[in-house]
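To keep things clear, I will list the structure first and then write my remarks on it.
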Amino acid sequence: MAFLSVRNLTKRFSGLTANNDISLDVPEGSLFAVIGPNGAGKTTFFNMVSGFLAPTAGTIEFAGTDVTRMRQDKIAAMGLIRTFQLVQMFQGMSVAENVEVGCHLRTRGGVGSALVRPPWLRRQEAELRAKAHELLGFVGLGAQAKMSAELLPYGQQRLLEVARAMAAEPRLLLLDEPAAGLNAHETDALAAVIQQINARGVTVLLIEHDVGLVTRIAHRIAVLDFGCKIAEGTPDEIKRHPDVIAAYLGTETTDA
Amino acid sequence: MTSRDTIFTRLGRYGYFAVGGAIFFALLFAFVFVRGGYLLTVMQLAMIYGVFCIGLNFFMGYTGQASFGQNAFAALGGYGTAVLCVQFGWEPVFALIASMAIAGIASVIVGYPTLRLRGHYLAMATFALGLITYDISVQWTSVTQGYMGYSGIPPLGIGPFTIEDERMKLVCLMVILLFGLWVSGRLRNSRFGRALRAISTSELGAAALGINVARYKLAAFVIAALYASASGSLFAHVVGFISPEVFGLQMVVVTFTMLYVGGVGTVLGPAVGAIIASLLPEIVRSTGRFQDIAYALALIVMLIYVPKGLSALGGLGRSRVAEPGAGS
């Protein structure tokens, strides 16, 4: 049984079939990518897997548990953490605090303990700060820790979102078009970060538009087009797949 | 020397503003104490509204949700304490606490369905809540005595010790306000507070990190209701009289003004706003028949030039995030 197992996933929006009968298996420890042209249904697929959208049909199983239609925060609590294509910064909070929010699932304490501040809570807060510091260093934002998060340039906001997701200690990290809007240099930095996350033992499911990035770092790739999965395989297989070339890569593949 | 160092390093370049603000408020209170009379009443009410605004700030500031109906819970507190003390002869302190408990339970019952709404819809639903409560307080005359209002509510105190002196009342209210601020500050910079503040700008992002958005919103709503109830009870005990008008629309408008003048989402903003917005009418009174215009102008000028609220001026309400090692 695969780590993440999607079976016959379908989503219809009154007449439009955004996802049609998609099945795929993500093995534990892999760096798996889902690619496809704009409007192929990548984000719809992602939203269903992370619980932000209820599927019309099909099942999603994560680490042996059926998570279909489970509430988002419960899915997150199981260790399936996602980022967003449109960066969801917590504005008015510092960069470090954004990462601290990411630690929510791995910390405890409510109103009572916040008022009393028992020793364990103070210890936890110290660990939390250390963890935020470590993760910000990991993505290269150590110097910006005190800045207000919304003041970061776009590319760095994306890195912050990744650091924040890592603070939740995911078992499966879902990255929704993390390279969208990044320049070549920023994309390279991001690719390195994603590979290091995977090397830390976190399974990564990546949705991407940037084929160059994906074929460089992914172990396995699934291709969506018009809501259907048209191919799946290793980067080399995908690059040679005739349907993929026709549907997505087009003539530009020769340059890539 | 070391203590001064820590104050300034902790508040950074805002240190001088912060200390200036503290001196200003200290002088203000000293003046009010010496002067006495009507100003005492103004400041007492400012403290009471301050308590209400701290609660409102949990829901509107930290969590970023709109509620135009928190006055409903102030009414619950006011009438709860009045009925318990006058009809049943309860101790004011216990009546205040019991009313808070009732308001807390009521807010869970009301909040559970209402908080599914967002934005304008939530604002309208909460607004209706305030109007309904107002109508009940007018119509249910056997309990609330309707328009006549409720008088003869005993002052705060425990057993034989009652606080009747106006200056002592103000001191007592100040202590309560400071306690309310302390709670607010501690909660803001905690796991709980961070979850609320995350929700305020991105519910999606918060949910994706495992925060149960509905539960935290409800928690903020309940906390706001507890503060509101406490402020309603305090009004009843301090003034000795309540009527439906006390907890009417006027209260919604006044407290909103206070919250935005002081700084929504900051720790000290609600208290600063409540004091400044309470004193402002007294200051502009000298302009005679132009006082309403002067008051409105002063508010507009403040909102244009200090949009984040007066407490942002001094960085008074700044969270301690700015220094990573602040916990020590």
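Letters for chains follow the order of the structure tokens (A, B, ...), residue numbers begin at 1 for each chain, and ligand numbers begin at 1 in the order shown.
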Enumerate as a list in words the residues belonging to chain B that approach chain A to within 7 Å, with only C-alpha atoms taken into account.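 Therefore, the residues near the partner are Val183, Arg186, Leu187, Ser190, Arg191, Phe192, Arg194, Ala195, Ala198, Thr201, Ser202, Gly205, Ala207, Ala208, Leu209, Gly210, Ile211, Asn212, Val321, Ala322 and Pro324 of chain B.
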I want to know what sits within 7 Å of segment 118-130 of chain B, based on only C-alpha atoms, with residues of the same chain fewer than 2 positions away left out; could you give that as a list in words? Ala66, Ser67, Phe68, Gly69, Gln70, Asn71, Ala72, Thr114, Leu115, Arg116, Ile132, Thr133 and Tyr134 of chain B
Write to file, as an mmCIF file, in the first residue's frame, the residues of the selection just made, with N, CA and C atoms.
data_model
loop_
_atom_site.group_PDB
_atom_site.id
_atom_site.type_symbol
_atom_site.label_atom_id
_atom_site.label_comp_id
_atom_site.auth_asym_id
_atom_site.auth_seq_id
_atom_site.Cartn_x
_atom_site.Cartn_y
_atom_site.Cartn_z
ATOM 1 N N ALA B 66 -15.796 40.445 12.514
ATOM 2 C CA ALA B 66 -16.622 41.604 12.825
ATOM 3 C C ALA B 66 -17.753 41.217 13.764
ATOM 4 N N SER B 67 -17.898 41.973 14.858
ATOM 5 C CA SER B 67 -19.089 41.797 15.688
ATOM 6 C C SER B 67 -19.654 43.156 16.064
ATOM 7 N N PHE B 68 -20.916 43.373 15.678
ATOM 8 C CA PHE B 68 -21.598 44.610 16.025
ATOM 9 C C PHE B 68 -22.587 44.338 17.157
ATOM 10 N N GLY B 69 -22.433 43.177 17.790
ATOM 11 C CA GLY B 69 -23.456 42.788 18.763
ATOM 12 C C GLY B 69 -22.934 42.434 20.136
ATOM 13 N N GLN B 70 -21.686 42.827 20.452
ATOM 14 C CA GLN B 70 -21.151 42.477 21.767
ATOM 15 C C GLN B 70 -21.915 43.171 22.897
ATOM 16 N N ASN B 71 -22.619 44.261 22.546
ATOM 17 C CA ASN B 71 -23.421 44.950 23.562
ATOM 18 C C ASN B 71 -24.476 44.015 24.163
ATOM 19 N N ALA B 72 -24.858 42.976 23.403
ATOM 20 C CA ALA B 72 -25.832 42.005 23.921
ATOM 21 C C ALA B 72 -25.298 41.366 25.195
ATOM 22 N N THR B 114 -23.784 31.136 14.522
ATOM 23 C CA THR B 114 -23.528 32.435 13.894
ATOM 24 C C THR B 114 -22.143 32.522 13.252
ATOM 25 N N LEU B 115 -21.154 31.910 13.900
ATOM 26 C CA LEU B 115 -19.782 32.083 13.431
ATOM 27 C C LEU B 115 -19.471 31.302 12.160
ATOM 28 N N ARG B 116 -20.483 30.568 11.646
ATOM 29 C CA ARG B 116 -20.281 29.958 10.340
ATOM 30 C C ARG B 116 -20.275 31.044 9.267
ATOM 31 N N ILE B 132 -31.876 42.357 19.102
ATOM 32 C CA ILE B 132 -32.800 41.438 19.773
ATOM 33 C C ILE B 132 -32.686 41.604 21.290
ATOM 34 N N THR B 133 -31.457 41.656 21.756
ATOM 35 C CA THR B 133 -31.239 41.799 23.200
ATOM 36 C C THR B 133 -31.837 43.112 23.709
ATOM 37 N N TYR B 134 -31.662 44.169 22.911
ATOM 38 C CA TYR B 134 -32.230 45.466 23.280
ATOM 39 C C TYR B 134 -33.749 45.357 23.417
#
Residues of segment 188-224 of chain B classed as helix (DSSP H, G or I) by DSSP on the backbone are to be reported as JSON, numbers by chain. {"B": [188, 191, 192, 193, 194, 195, 196, 197, 198, 199, 200, 201, 203, 204, 205, 206, 207, 208, 213, 214, 215, 216, 217, 218, 219, 220, 221, 222, 223, 224]}
Taking C-alpha atoms for each residue, export the selection above as a compact mmCIF listing (two decimals), in the first residue's frame.
# COMPACT_ATOMS: atom_id res chain seq x y z
CA ARG B 188 -1.86 37.41 22.53
CA ARG B 191 0.08 29.52 21.08
CA PHE B 192 -3.58 30.46 21.48
CA GLY B 193 -3.04 34.09 20.47
CA ARG B 194 -0.85 33.20 17.51
CA ALA B 195 -3.59 30.90 16.22
CA LEU B 196 -6.15 33.73 16.49
CA ARG B 197 -3.88 36.18 14.70
CA ALA B 198 -3.13 33.66 11.97
CA ILE B 199 -6.87 33.26 11.39
CA SER B 200 -7.28 37.02 11.10
CA THR B 201 -5.38 37.24 7.82
CA GLU B 203 -8.12 31.16 7.45
CA LEU B 204 -6.86 28.87 4.69
CA GLY B 205 -3.28 29.10 5.86
CA ALA B 206 -4.30 28.52 9.46
CA ALA B 207 -6.41 25.47 8.63
CA ALA B 208 -3.60 24.02 6.52
CA VAL B 213 -10.55 27.66 12.72
CA ALA B 214 -14.16 27.32 13.91
CA ARG B 215 -13.11 26.42 17.45
CA TYR B 216 -10.65 29.29 17.80
CA LYS B 217 -13.15 31.81 16.44
CA LEU B 218 -15.69 30.59 18.96
CA ALA B 219 -13.12 30.83 21.75
CA ALA B 220 -12.37 34.45 20.81
CA PHE B 221 -16.11 35.20 20.68
CA VAL B 222 -16.62 33.72 24.14
CA ILE B 223 -13.70 35.67 25.60
CA ALA B 224 -15.15 38.85 24.09
Compile the contact shell of Ala18 of chain A as a ChimeraX atom specification: residues with an atom at most 7 Å away, counting only C-alpha atoms, same-chain residues fewer than 6 positions apart removed. /A:11-12,41,44,227
Selection above as a file: C-alpha atoms, as a compact mmCIF listing (two decimals), in the first residue's frame:
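Once written, part.txt looks like this:
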# COMPACT_ATOMS: atom_id res chain seq x y z
CA LYS A 11 -14.57 16.57 -9.27
CA ARG A 12 -17.35 18.17 -11.25
CA GLY A 41 -6.93 20.49 -12.82
CA THR A 44 -8.34 21.06 -7.87
CA GLY A 227 -8.65 16.83 -15.82
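Residues lying within 12 Å of Val139 of chain A, counting only C-alpha atoms and ignoring same-chain neighbours fewer than 5 positions away, are A:Val99, A:Ala132, A:His133, A:Glu134, A:Gln144, A:Ala145, A:Gly155, A:Gln156, A:Gln157, A:Arg158, A:Leu159, A:Leu160, A:Glu161, A:Val162, A:Ala163, A:Arg164, A:Ala165, A:Met166, A:Ala167, A:Glu186, A:Ala189, A:Leu190, A:Ala191, A:Ala192, A:Val193, A:Ile194, A:Gln195, A:Gln196, A:Ile197.
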Output N, CA and C atoms of each residue in that selection to a file, as a compact mmCIF listing (two decimals), in the first residue's frame.
# COMPACT_ATOMS: atom_id res chain seq x y z
N VAL A 99 6.45 31.20 11.38
CA VAL A 99 6.95 29.83 11.54
C VAL A 99 6.45 29.25 12.86
N ALA A 132 12.08 27.73 15.07
CA ALA A 132 11.81 28.75 14.05
C ALA A 132 13.12 29.29 13.50
N HIS A 133 14.07 29.52 14.40
CA HIS A 133 15.38 30.04 14.02
C HIS A 133 16.08 29.05 13.08
N GLU A 134 16.01 27.78 13.45
CA GLU A 134 16.68 26.74 12.66
C GLU A 134 16.05 26.65 11.26
N GLN A 144 16.00 37.71 8.21
CA GLN A 144 14.72 38.45 8.12
C GLN A 144 13.75 38.09 9.24
N ALA A 145 14.20 37.31 10.22
CA ALA A 145 13.30 36.76 11.24
C ALA A 145 12.40 37.79 11.90
N GLY A 155 9.34 36.09 -3.59
CA GLY A 155 10.09 34.83 -3.60
C GLY A 155 10.40 34.35 -2.19
N GLN A 156 10.72 35.30 -1.32
CA GLN A 156 11.03 34.94 0.06
C GLN A 156 9.78 34.54 0.83
N GLN A 157 8.63 35.13 0.45
CA GLN A 157 7.38 34.71 1.09
C GLN A 157 7.12 33.23 0.81
N ARG A 158 7.45 32.81 -0.40
CA ARG A 158 7.27 31.39 -0.76
C ARG A 158 8.17 30.52 0.11
N LEU A 159 9.42 30.95 0.29
CA LEU A 159 10.34 30.18 1.13
C LEU A 159 9.83 30.15 2.57
N LEU A 160 9.28 31.29 3.01
CA LEU A 160 8.75 31.35 4.37
C LEU A 160 7.60 30.35 4.52
N GLU A 161 6.76 30.28 3.49
CA GLU A 161 5.64 29.35 3.58
C GLU A 161 6.13 27.91 3.68
N VAL A 162 7.23 27.62 3.01
CA VAL A 162 7.80 26.27 3.09
C VAL A 162 8.36 26.03 4.49
N ALA A 163 9.05 27.02 5.05
CA ALA A 163 9.60 26.88 6.40
C ALA A 163 8.47 26.68 7.40
N ARG A 164 7.40 27.43 7.21
CA ARG A 164 6.24 27.34 8.10
C ARG A 164 5.62 25.95 8.05
N ALA A 165 5.51 25.42 6.83
CA ALA A 165 4.95 24.07 6.67
C ALA A 165 5.87 23.04 7.32
N MET A 166 7.18 23.26 7.22
CA MET A 166 8.13 22.33 7.81
C MET A 166 8.04 22.33 9.34
N ALA A 167 7.66 23.49 9.90
CA ALA A 167 7.53 23.58 11.35
C ALA A 167 6.45 22.63 11.87
N GLU A 186 15.90 32.36 -7.90
CA GLU A 186 15.04 31.97 -6.78
C GLU A 186 14.55 30.53 -6.94
N ALA A 189 17.22 28.16 -5.82
CA ALA A 189 17.31 28.09 -4.36
C ALA A 189 16.18 27.23 -3.81
N LEU A 190 14.99 27.41 -4.39
CA LEU A 190 13.84 26.64 -3.95
C LEU A 190 14.02 25.16 -4.23
N ALA A 191 14.55 24.85 -5.42
CA ALA A 191 14.77 23.44 -5.78
C ALA A 191 15.70 22.78 -4.77
N ALA A 192 16.75 23.51 -4.38
CA ALA A 192 17.70 22.96 -3.41
C ALA A 192 16.99 22.69 -2.08
N VAL A 193 16.15 23.63 -1.67
CA VAL A 193 15.42 23.47 -0.40
C VAL A 193 14.51 22.25 -0.47
N ILE A 194 13.79 22.10 -1.58
CA ILE A 194 12.87 20.97 -1.71
C ILE A 194 13.64 19.64 -1.66
N GLN A 195 14.77 19.60 -2.32
CA GLN A 195 15.55 18.36 -2.31
C GLN A 195 16.07 18.04 -0.91
N GLN A 196 16.47 19.09 -0.17
CA GLN A 196 16.95 18.85 1.20
C GLN A 196 15.82 18.38 2.11
N ILE A 197 14.61 18.93 1.89
CA ILE A 197 13.46 18.49 2.69
C ILE A 197 13.22 17.01 2.44
Could you pull out all residues of segment 120-185 of chain B with a DSSP call of strand (DSSP E) and give them as a PDB file with C-alpha atoms, in the first residue's frame?
ATOM      1  CA  TYR B 150     -33.173  49.121  37.070  1.00  0.00           C
ATOM      2  CA  SER B 151     -32.034  51.187  39.999  1.00  0.00           C
ATOM      3  CA  GLY B 157     -17.623  44.989  47.461  1.00  0.00           C
ATOM      4  CA  ILE B 158     -17.243  41.829  49.465  1.00  0.00           C
ATOM      5  CA  PHE B 161     -16.547  46.089  52.625  1.00  0.00           C
ATOM      6  CA  THR B 162     -18.223  48.117  49.943  1.00  0.00           C
TER       7      THR B 162
END
Tell me which of B:Ala225, B:Val301, B:Met47, B:Leu117 sits closest to Phe179 of chain B, counting only C-alpha atoms. B:Met47
Which residues come within 10 Å of Leu310 of chain B, counting only C-alpha atoms, excluding same-chain residues fewer than 4 positions away, as an MDAnalysis selection string? chainID B and resid 21 259:264 268:270 272:273 276 302:303 305:306 314:317
Contacts of Thr68 of chain A within 9 Å, only C-alpha atoms, excl. fewer than 6 positions in-chain, as a list in words: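 Near Thr68 of chain A, the qualifying residues are Met48, Val49, Gly51, Ala54, Pro55, Gly58, Thr59, Ile60 and Glu61 of chain A.
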Could those residues be written to a file, using N, CA and C atoms, as a compact mmCIF listing (two decimals), in the first residue's frame?
# COMPACT_ATOMS: atom_id res chain seq x y z
N MET A 48 -8.41 18.74 -3.16
CA MET A 48 -9.17 17.58 -2.69
C MET A 48 -8.30 16.72 -1.77
N VAL A 49 -7.05 16.53 -2.15
CA VAL A 49 -6.16 15.70 -1.34
C VAL A 49 -5.96 16.32 0.05
N GLY A 51 -8.06 18.26 1.60
CA GLY A 51 -9.31 18.44 2.33
C GLY A 51 -9.97 19.79 2.14
N ALA A 54 -14.30 19.07 -1.45
CA ALA A 54 -14.85 17.72 -1.34
C ALA A 54 -14.95 17.11 -2.73
N PRO A 55 -14.43 15.89 -2.93
CA PRO A 55 -14.52 15.28 -4.26
C PRO A 55 -15.95 14.84 -4.59
N GLY A 58 -14.63 9.14 -5.64
CA GLY A 58 -13.26 8.68 -5.45
C GLY A 58 -12.84 8.71 -3.99
N THR A 59 -11.69 8.11 -3.71
CA THR A 59 -11.20 8.06 -2.33
C THR A 59 -9.74 8.49 -2.26
N ILE A 60 -9.37 8.99 -1.10
CA ILE A 60 -7.99 9.38 -0.83
C ILE A 60 -7.58 8.67 0.45
N GLU A 61 -6.51 7.95 0.39
CA GLU A 61 -6.03 7.25 1.57
C GLU A 61 -4.62 7.73 1.88
Separation of atom CA of His241 of chain A and atom CA of Ile221 of chain A, in Å?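 Distance reported for this atom pair: 11.6 Å.
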Determine the nearest neighbour of Phe25 of chain B from the options B:Ile163, B:Leu299, B:Ala271, B:Ala75, counting only C-alpha atoms.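 Comparing B:Ile163, B:Leu299, B:Ala271, B:Ala75 against Phe25 of chain B, the winner is B:Ala271.
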Compile the contact shell of Pro92 of chain B as a ChimeraX atom specification: residues with an atom at most 9 Å away, counting only C-alpha atoms, same-chain residues fewer than 4 positions apart removed. /B:81-82,84-85,96-97,153-158,233,237
Those same residues - C-alpha atoms - I'd like them written as an mmCIF file, in the first residue's frame.
data_model
loop_
_atom_site.group_PDB
_atom_site.id
_atom_site.type_symbol
_atom_site.label_atom_id
_atom_site.label_comp_id
_atom_site.auth_asym_id
_atom_site.auth_seq_id
_atom_site.Cartn_x
_atom_site.Cartn_y
_atom_site.Cartn_z
ATOM 1 C CA THR B 81 -25.965 41.390 38.135
ATOM 2 C CA ALA B 82 -28.916 43.714 38.771
ATOM 3 C CA LEU B 84 -29.170 38.699 41.207
ATOM 4 C CA CYS B 85 -28.283 41.507 43.611
ATOM 5 C CA LEU B 96 -20.680 39.621 38.511
ATOM 6 C CA ILE B 97 -18.960 36.252 38.166
ATOM 7 C CA ILE B 153 -27.982 48.168 42.337
ATOM 8 C CA PRO B 154 -25.447 47.909 45.182
ATOM 9 C CA PRO B 155 -21.841 49.049 44.706
ATOM 10 C CA LEU B 156 -18.984 46.591 44.335
ATOM 11 C CA GLY B 157 -17.623 44.989 47.461
ATOM 12 C CA ILE B 158 -17.243 41.829 49.465
ATOM 13 C CA SER B 233 -21.881 44.317 35.508
ATOM 14 C CA HIS B 237 -22.419 48.401 40.232
#
